[in-house]
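Here is the structure we will look at, set down as structure tokens.
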Amino acid sequence: MTTDSVIEQARQSERKVIGRGLQLIRRQIGRAPRQFALGFAGTALYAVMTIASAYVIGYATDEVLIPAIEAGEVPVASLVGAALLILGVAAARGLGIALRRFGAYAAQYRLQQRDRTDVTDRYLELPIEWHRRYPTGQLLSNVNADVEAASFIAAPLPMAFGVVVMLVITVVLLLFTDPYLAVVGFAVAPAIATTNIFYQRRMRIAAASAQRLRAEVTEIAHESFDAALVIKAMGREDAEVGRFGARSDDLRDRMVDVGRLRAGFDPIMEALPTIGVLAVVLVGAWRVDQGFMTEGTLVTFAYLFRLIALPMRVFAWLLGQLPTAIVGWDRIETVLDETGTVEYGATALTSSGGATADAATVGYLYPETETADLADVTVAPTVSTNGERRGIESVTLDVPPGKTVALVGPTGAGKTTVAHLLIRLFDPDSGVIRLDGRGLIDLDRDQLAGAAALVFQEAFLFDDTIASNITLDAPFTEAEVMAAAKLAQAHEFIAELPAGYETLVGERGASLSGGQRQRIAIARALIRQPRLLVLDDATSAVDPTVETAILEGLATLQTTVVIVAYRRSSIVLADEVIFIEDGRITGRGTHDHLYEALPAYRSLIDAYDTDGPT
Amino acid sequence: MTRNTIEEEVAARSGALGTIRRGLALSPELRRGLAGTVLLALVATAGKVIIPIVIQQVLDVGITEDGVDMGFVTLMIVIALVAVVVTAGATGWMHLRLAKVSETALSGLRIQAFRHIHDLSMLHQASEQRGALVARVTSDVDQISRFMQWAGLMIIVNAGQALMAVAVMLVYSLPLALTVVAAIPLIVLTVRWFQTRLEKAFLIVREKVGRMLATLAEVVVGAPVIRAYGIEERVRQKLGDAIEDHRASAVKAGGLSASFSGAGEILSAIVIAAVLVVGTIQAVGGHETVGTVVAFLFLVQLFIQPIQTFGEAVNEAQTAVAGWRRVLDVLDIAPDVADPGPDGIDLPHQPLGVEFRSVSFRYPKTGETAEEASGTLALRDVSVVIEPKTRVAVVGETGSGKTTFAKLMTRLMDPSSGTVQVGGVDIASVRFRSLRDRVVMVPQEGVLFRGTIADNVLMGRPEADHDELTNAFRRLGLEDWLGELAAGLDTQVGERGTSLSVGERQLVTLVRAAIAGPELLVLDEATSAVDPSTEVRISRALNQLTAGRTVVTIAHRMSTAEAADRVLVFDNADLVQDGSHSELLAAGGIYGRLHASWERGTLESG
């Protein structure tokens, strides 16, 4: 996206901001009504007491200070009274401020909590296909940054309400006190407001393009550091520094632009209230001269201007937050409006031992889109550059109970799709998949999860202990955990860790190697004693000898096993091989048979096995 | 944010001034024109005391019992307006100077840190730290910028404003000034009481945010696993707890911060009430005028408000300084694999052999430099000589040391002890330019950069022309493949090369190596499976690429080992076997075992 389009976008959003902004404000107040009520009550108290404090100062000048000087003696009673009045009003004002800010905080975090919970509830319910449509980063930032952005209006909202109250009271008071002072008020307040709005608009555009460049700088750093080994090996450091430096300097120029804007507007915004006070003093002195006003009233309004001019910035703040808040809200709504869920049946499975799995004329095509954008649902999704839609077509297979079947085929042939469909990670477009002869879609959720387990190619571990990662907090005994780990060839390395099974694996299991993570993921499946176990290239990072040991261990169980495999040593352990090419099954039989009969199969196996720098 | 960085931050807070000093020393540009900027800041703050002075003058001199001297009042207002304009000008100029100086210096720092990080071998050794290293050149530097133009400036301006207010008060009235100053201990105690609690409360919030974000990430990234194991309820509960913990801690900190604002209000009222009482008593005695007392009511505001925000600014500044410290700490790590520069020598123009002399390598733990490394021993006392133009296969299980061996041979890392010689010279004394020209490593996964195929191949030798490019493809037998691509050499490979298949990316990296024309080629054999036709192309290209060169291959396939002149077997950081395939096979041992597990597959297939 170019800078121009960023600016254009900012301008367009400006037009929609107020209408959408009001809707958002209504929604958010409705979602945290008690917290906002507290904030508004606090702000009302604060507004009234702010005006009162200016009056108290004027009263103290007119009724205590000046008479005392004229009388030449200290009026103890009225002086103490005035002092107590100042303290009392300040205490009430302080309470108002505290309640206002506390209400704003409470509302803001309540809103975040509700949206986060709602959005993640949708995440947990929406079909996996939906997840695939969006980049991980976007789903994450939706539940983090977008939710936060939408809630940020909670902070300035009560304050803005308070300022409105103060302005209304001040205008009324000015009109009743002195029409000439009122003119000053009417001139200064709009000037402050207009400057603010103008500044915010310019600033938003400048900040947006700086933000864009900042993202680019981050992207280059990521890409460059990820490829560090290659850059080093090719001596490309200087070229990389040049690439990064150019963008960094662009960012610097943008940031100086932001600084220039700030340098232009900040002083004006600070000067305007001061000019207002000076105008009050000038007009006030003239009115005092004409006998329409006392010195105390002059002091009151000079003080009042000082007190309310600063809070007027809150409107600029609120207006500044609105566009980001609206974008955040739009993205949240995109997720919340998604209606898809996975429906489960109520059928139970009655048999025990290895399960029968079968698929009849199953077809599934991946959605044509590669990625979608939560921000703008109307934007045409990017179509994969390869053009072809991947998936499977009319796949029919059956796996007898207790047998091991290997799915073999070139990359992208559809092996993983079949593996995922077998445990109902998602549903096929056409055809039926059954477990023990019962359609997967009719099965009860827990029955299905208890009977069939899938181990993914990417072993995903939770930031928890090894034991919890195996049990997933289901009630298994220590002995069961250990037995599963032994079967997965994981016990040995776990036992060598200082904390053993209680070792924390870190975020996504970062403290373990790829092969170790895969073995824990296998133990996680095995402990559930699934009647159907699907391994989707789940041992890719494990050494061949260990892999063989795992597969040989599995053969001793009653479990039915479906394995997506590449290595010959794994494939030969299967009772039967299903060969998949371009989404169709093109061969089926023992490895020996296929190797003899199918040239395509033979060349694939040989390619993985024997070719190399010879 | 992890718990680790919170601890770092606490530590950093103690040494904030030291960090700033170090930072300024490293970016001397930051100090350029500093005196002028400080002067402007002083002018800017001075303007703020204008209002109380004008009000005092108007009340005491302008308004008398005989009426109002409008001429005097107007003069005062005009003078004040001039002062306001001057102040505004000074403030604007100051902001502009700060923005220019700090953004220029920080872009320089950012680039310097980026370059420096590329010189640290930890970048490719510890992939889990990459995210943190990206933060060093992005968000951490942004934080310094915020400090320079926001929190740091606020501290100076606020201090100036409070001092200025006190100075004006002293000029007006000693007793009243003392009344205000007497309140300082009360204010300081209150501010400190809140500040310590606020700091702790916000640290807890940050920790809770970190936990919550990690849990959220699990829900998104782990979605397929959660679905496959039907553990939505468990996840929902954990997530609900993490979100609620975050909310509760944030509201608690917010409540504390809200009470602080309320308390500040009451504090300033106490001072104002005291000024009124003392002022009235003084005025009755004829020591003060109405104008002075009223001016004080304004001055008190000017004095207390900066003290209140001071704590906040200091807090923010410390966080920013922690970021600065992290950048400086990275810059402090000496580049462990340094270019010998002009003192270096060039590799001889002849086929290159390799010699390892009792080489050991230990991986550094997080935070350690290569010299202090105390992590796992990856290579133990390895001595070996590889003759020029031999083909060597390196085999062993994952973590046996074979990748470390390759990285040391290409000087992507330096040994912890012992020396590596290439072509008869110590590899550490060879100029990078010469080393990268003559010794090329082809990593396992084909890593490409956004751009065209030609761009990516040219990285091997930037000065190569179009003919040389097409020749390189022809030599490796890849002309037909190039012809199949829509835009040929100009085909865009996409971000990280993702528009090409895994196998095609490998092809591009092979051409890239070929065009560089190295004497010593180190190959990390790919393990990922690709479709058979690409597989055939890769193997053909490899045959061409390796012909007539010294080739060391980290072998994942036994066929590679079988075809090699010599096989080196690594096990648990030791070089355990060395010989030809047939010799090693006869000897049994580790190689025999590795071979057998592969053999089982082939033999059964008949």
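Just so we're on the same page: first chain in the structure tokens is A, next is B, and so on; residues restart at 1 for each chain, and ligands are numbered from 1 in the order they show up.
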
Next item on the list: Name the residues in contact with range 413-419 of chain B at a cut-off of 7 Å, using only C-alpha atoms, excluding same-chain residues fewer than 5 positions from it; report them as number ranges by chain.
Entry: B: 121, 337, 356-362, 371, 407-408, 426

Check: Residues at most 10 Å from Glu199 in chain B, counting only C-alpha atoms, excluding those fewer than 3 positions away in the same chain, as a ChimeraX atom specification?
Finding: /B:10,194-196,202-205,253,312,315

Next item on the list: Within 10 Å of Ile281 in chain B, counting only C-alpha atoms, which residues show up once you throw out same-chain ones fewer than 4 positions away? Write them as a list in words, please.
Entry: Leu65, Ala68, Ile69, Gly72, Glu73, Val74, Pro75, Val76 and Leu79 of chain A; Val275, Leu276, Val277, Gly285, Gly286, His287 and Glu288 of chain B

Notebook entry, point to check: Skipping near chain neighbours, those fewer than 6 positions away, what residues fall within 9 Å of Gly354 in chain A using only C-alpha atoms, listed as a list in words?
Noted result: Pro400, Pro401, Gly402, Lys403, Pro530, Arg531, Leu532, Leu557, Gln558, Thr559, Thr560 and Val561 of chain A

Item checked: Backbone DSSP call of helix (DSSP H, G or I) for range 364-500 of chain A, listed as a VMD selection string -> chain A and resid 415 to 422 440 to 442 445 to 451 466 to 471 478 to 487 491 to 496 500

Could you save the residues just selected, with N, CA and C atoms, as a CSV table (one decimal), in the first residue's frame?
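To be explicit, this is the file written out as result_33.csv:
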```csv
chain,number,residue,atom,x,y,z
A,415,LYS,N,-2.6,-36.5,0.9
A,415,LYS,CA,-2.4,-37.5,2.0
A,415,LYS,C,-2.9,-36.9,3.3
A,416,THR,N,-2.4,-35.6,3.6
A,416,THR,CA,-2.8,-35.0,4.8
A,416,THR,C,-4.3,-34.7,4.9
A,417,THR,N,-4.9,-34.4,3.7
A,417,THR,CA,-6.3,-34.1,3.7
A,417,THR,C,-7.1,-35.4,4.1
A,418,VAL,N,-6.7,-36.5,3.6
A,418,VAL,CA,-7.3,-37.8,4.0
A,418,VAL,C,-7.1,-38.0,5.5
A,419,ALA,N,-5.9,-37.8,5.9
A,419,ALA,CA,-5.6,-38.1,7.4
A,419,ALA,C,-6.5,-37.2,8.2
A,420,HIS,N,-6.6,-35.9,7.9
A,420,HIS,CA,-7.4,-35.0,8.7
A,420,HIS,C,-8.9,-35.3,8.6
A,421,LEU,N,-9.4,-35.8,7.4
A,421,LEU,CA,-10.8,-36.1,7.3
A,421,LEU,C,-11.2,-37.3,8.1
A,422,LEU,N,-10.2,-38.3,8.3
A,422,LEU,CA,-10.5,-39.5,9.0
A,422,LEU,C,-10.9,-39.3,10.4
A,440,LEU,N,-19.2,-40.3,10.6
A,440,LEU,CA,-18.5,-39.5,11.5
A,440,LEU,C,-19.4,-38.3,12.0
A,441,ILE,N,-20.2,-37.8,11.1
A,441,ILE,CA,-21.0,-36.6,11.5
A,441,ILE,C,-22.1,-37.0,12.4
A,442,ASP,N,-22.5,-38.3,12.5
A,442,ASP,CA,-23.5,-38.7,13.5
A,442,ASP,C,-23.0,-39.0,14.8
A,445,ARG,N,-19.5,-36.1,20.1
A,445,ARG,CA,-18.2,-35.4,20.2
A,445,ARG,C,-17.2,-36.2,21.0
A,446,ASP,N,-17.5,-36.5,22.2
A,446,ASP,CA,-16.6,-37.2,23.1
A,446,ASP,C,-16.3,-38.6,22.6
A,447,GLN,N,-17.3,-39.2,22.1
A,447,GLN,CA,-17.1,-40.6,21.6
A,447,GLN,C,-16.0,-40.6,20.5
A,448,LEU,N,-16.2,-39.6,19.6
A,448,LEU,CA,-15.2,-39.5,18.4
A,448,LEU,C,-13.8,-39.2,18.9
A,449,ALA,N,-13.7,-38.2,19.8
A,449,ALA,CA,-12.4,-37.8,20.3
A,449,ALA,C,-11.8,-38.9,21.1
A,450,GLY,N,-12.6,-39.7,21.8
A,450,GLY,CA,-12.0,-40.8,22.6
A,450,GLY,C,-11.6,-42.0,21.7
A,451,ALA,N,-12.2,-42.2,20.5
A,451,ALA,CA,-11.9,-43.3,19.7
A,451,ALA,C,-10.8,-43.1,18.7
A,466,ILE,N,5.6,-31.4,30.7
A,466,ILE,CA,5.5,-32.5,29.7
A,466,ILE,C,4.3,-33.4,30.1
A,467,ALA,N,4.2,-33.7,31.4
A,467,ALA,CA,3.1,-34.5,31.8
A,467,ALA,C,1.7,-34.0,31.3
A,468,SER,N,1.5,-32.7,31.6
A,468,SER,CA,0.2,-32.1,31.2
A,468,SER,C,0.1,-32.1,29.7
A,469,ASN,N,1.2,-32.0,28.9
A,469,ASN,CA,1.1,-32.0,27.5
A,469,ASN,C,0.7,-33.4,27.0
A,470,ILE,N,1.0,-34.4,27.8
A,470,ILE,CA,0.6,-35.8,27.4
A,470,ILE,C,-0.8,-36.0,27.8
A,471,THR,N,-1.2,-35.7,29.1
A,471,THR,CA,-2.5,-36.0,29.6
A,471,THR,C,-3.6,-35.0,29.0
A,478,GLU,N,0.2,-41.6,36.8
A,478,GLU,CA,1.6,-41.4,36.4
A,478,GLU,C,2.1,-42.6,35.6
A,479,ALA,N,1.7,-43.8,36.0
A,479,ALA,CA,2.1,-45.0,35.3
A,479,ALA,C,1.7,-45.0,33.9
A,480,GLU,N,0.5,-44.5,33.6
A,480,GLU,CA,-0.1,-44.5,32.3
A,480,GLU,C,0.7,-43.5,31.4
A,481,VAL,N,1.1,-42.3,32.0
A,481,VAL,CA,1.8,-41.3,31.3
A,481,VAL,C,3.2,-41.9,30.9
A,482,MET,N,3.8,-42.6,31.8
A,482,MET,CA,5.1,-43.2,31.6
A,482,MET,C,5.0,-44.3,30.5
A,483,ALA,N,4.0,-45.1,30.6
A,483,ALA,CA,3.8,-46.2,29.6
A,483,ALA,C,3.7,-45.6,28.2
A,484,ALA,N,2.9,-44.5,28.1
A,484,ALA,CA,2.7,-43.9,26.8
A,484,ALA,C,4.0,-43.3,26.3
A,485,ALA,N,4.7,-42.7,27.2
A,485,ALA,CA,6.0,-42.0,26.8
A,485,ALA,C,7.0,-43.1,26.3
A,486,LYS,N,7.0,-44.3,27.0
A,486,LYS,CA,7.9,-45.3,26.6
A,486,LYS,C,7.6,-45.8,25.2
A,487,LEU,N,6.3,-46.0,25.0
A,487,LEU,CA,5.8,-46.5,23.7
A,487,LEU,C,6.2,-45.5,22.6
A,491,HIS,N,10.3,-41.6,26.8
A,491,HIS,CA,10.6,-41.8,28.2
A,491,HIS,C,12.1,-41.5,28.5
A,492,GLU,N,13.0,-42.0,27.7
A,492,GLU,CA,14.4,-41.9,27.9
A,492,GLU,C,14.9,-40.5,28.0
A,493,PHE,N,14.5,-39.7,27.1
A,493,PHE,CA,15.0,-38.3,27.1
A,493,PHE,C,14.3,-37.5,28.2
A,494,ILE,N,13.0,-37.8,28.5
A,494,ILE,CA,12.3,-37.1,29.5
A,494,ILE,C,13.0,-37.4,30.9
A,495,ALA,N,13.3,-38.7,31.1
A,495,ALA,CA,13.9,-39.0,32.4
A,495,ALA,C,15.2,-38.3,32.6
A,496,GLU,N,15.9,-38.0,31.5
A,496,GLU,CA,17.2,-37.3,31.7
A,496,GLU,C,17.1,-35.8,32.0
A,500,GLY,N,12.3,-34.0,34.9
A,500,GLY,CA,11.6,-35.1,34.3
A,500,GLY,C,10.2,-34.8,33.7
```

Check: Pick the closest to chain B from A:Thr556, A:Thr590, A:Thr218, A:Ser151: which is it, counting only C-alpha atoms?
Finding: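 The shortest atom-to-atom distance to chain B comes from A:Thr218.
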
Margin query: Need the shell around Ser173 in chain B: protein/DNA/RNA residues with any atom at most 9 Å away, counting only C-alpha atoms. Skip same-chain ones fewer than 4 positions apart. Format as number ranges by chain?
Written below: B: 168-169, 177-178, 287-288, 292

Written selection (N, CA and C atoms) as a PDB file, in the first residue's frame:
```pdb
ATOM      1  N   VAL B 168       9.406  32.418  41.332  1.00  0.00           N
ATOM      2  CA  VAL B 168       8.459  33.542  41.300  1.00  0.00           C
ATOM      3  C   VAL B 168       7.827  33.735  42.678  1.00  0.00           C
ATOM      4  N   MET B 169       7.489  32.618  43.325  1.00  0.00           N
ATOM      5  CA  MET B 169       6.883  32.705  44.664  1.00  0.00           C
ATOM      6  C   MET B 169       7.815  33.425  45.621  1.00  0.00           C
ATOM      7  N   ALA B 177       5.673  31.654  50.085  1.00  0.00           N
ATOM      8  CA  ALA B 177       6.491  30.658  49.405  1.00  0.00           C
ATOM      9  C   ALA B 177       6.845  29.532  50.362  1.00  0.00           C
ATOM     10  N   LEU B 178       7.195  29.899  51.586  1.00  0.00           N
ATOM     11  CA  LEU B 178       7.540  28.883  52.592  1.00  0.00           C
ATOM     12  C   LEU B 178       6.335  27.993  52.891  1.00  0.00           C
ATOM     13  N   HIS B 287       1.261  43.062  54.871  1.00  0.00           N
ATOM     14  CA  HIS B 287       2.467  42.514  54.236  1.00  0.00           C
ATOM     15  C   HIS B 287       2.228  42.008  52.819  1.00  0.00           C
ATOM     16  N   GLU B 288       0.937  41.692  52.527  1.00  0.00           N
ATOM     17  CA  GLU B 288       0.655  41.181  51.184  1.00  0.00           C
ATOM     18  C   GLU B 288      -0.475  41.981  50.558  1.00  0.00           C
ATOM     19  N   THR B 292      -1.171  39.465  45.109  1.00  0.00           N
ATOM     20  CA  THR B 292      -0.170  38.448  45.433  1.00  0.00           C
ATOM     21  C   THR B 292      -0.842  37.162  45.884  1.00  0.00           C
TER      22      THR B 292
END
```

Next item on the list: Considering only C-alpha atoms, state which residue in the set A:Ala32, A:Val299, A:Leu336, A:Ile580 is at the smallest distance from Gly391 in chain A.
Entry: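 Among A:Ala32, A:Val299, A:Leu336, A:Ile580, it is A:Ile580 that comes nearest to Gly391 in chain A.
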
Item checked: Separation of CA of Leu454 in chain A from CA of Ala521 in chain A, in Å and rounded to one decimal ->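 If I compute the distance from CA of Leu454 in chain A to CA of Ala521 in chain A, I get 9.4 Å.
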
Those in range 402-431 of chain B with strand (DSSP E) from DSSP, as a PDB file with N, CA and C atoms, in the first residue's frame:
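Output saved as part17.pdb:
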```
ATOM      1  N   SER B 417      37.834 -24.333  20.941  1.00  0.00           N
ATOM      2  CA  SER B 417      39.282 -24.564  21.021  1.00  0.00           C
ATOM      3  C   SER B 417      39.722 -25.321  19.779  1.00  0.00           C
ATOM      4  N   GLY B 418      41.027 -25.248  19.477  1.00  0.00           N
ATOM      5  CA  GLY B 418      41.537 -25.877  18.267  1.00  0.00           C
ATOM      6  C   GLY B 418      41.456 -24.933  17.075  1.00  0.00           C
ATOM      7  N   THR B 419      41.983 -25.370  15.924  1.00  0.00           N
ATOM      8  CA  THR B 419      41.939 -24.508  14.745  1.00  0.00           C
ATOM      9  C   THR B 419      41.411 -25.256  13.534  1.00  0.00           C
ATOM     10  N   VAL B 420      40.834 -24.500  12.623  1.00  0.00           N
ATOM     11  CA  VAL B 420      40.351 -25.050  11.363  1.00  0.00           C
ATOM     12  C   VAL B 420      41.182 -24.407  10.258  1.00  0.00           C
ATOM     13  N   GLN B 421      41.747 -25.216   9.367  1.00  0.00           N
ATOM     14  CA  GLN B 421      42.524 -24.678   8.255  1.00  0.00           C
ATOM     15  C   GLN B 421      41.869 -25.049   6.937  1.00  0.00           C
ATOM     16  N   VAL B 422      41.829 -24.087   6.033  1.00  0.00           N
ATOM     17  CA  VAL B 422      41.310 -24.346   4.692  1.00  0.00           C
ATOM     18  C   VAL B 422      42.403 -23.949   3.714  1.00  0.00           C
ATOM     19  N   VAL B 425      45.656 -22.533   5.267  1.00  0.00           N
ATOM     20  CA  VAL B 425      45.733 -21.340   6.123  1.00  0.00           C
ATOM     21  C   VAL B 425      44.630 -21.375   7.174  1.00  0.00           C
ATOM     22  N   ASP B 426      44.915 -20.730   8.301  1.00  0.00           N
ATOM     23  CA  ASP B 426      43.937 -20.661   9.382  1.00  0.00           C
ATOM     24  C   ASP B 426      42.703 -19.907   8.874  1.00  0.00           C
TER      25      ASP B 426
END
```

Margin query: If I take CA of Gly328 in chain A and CA of Arg26 in chain A, how far is one from the other in Å, to one decimal?
Written below: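 About the pair CA of Gly328 in chain A and CA of Arg26 in chain A: they are 15.4 Å apart.
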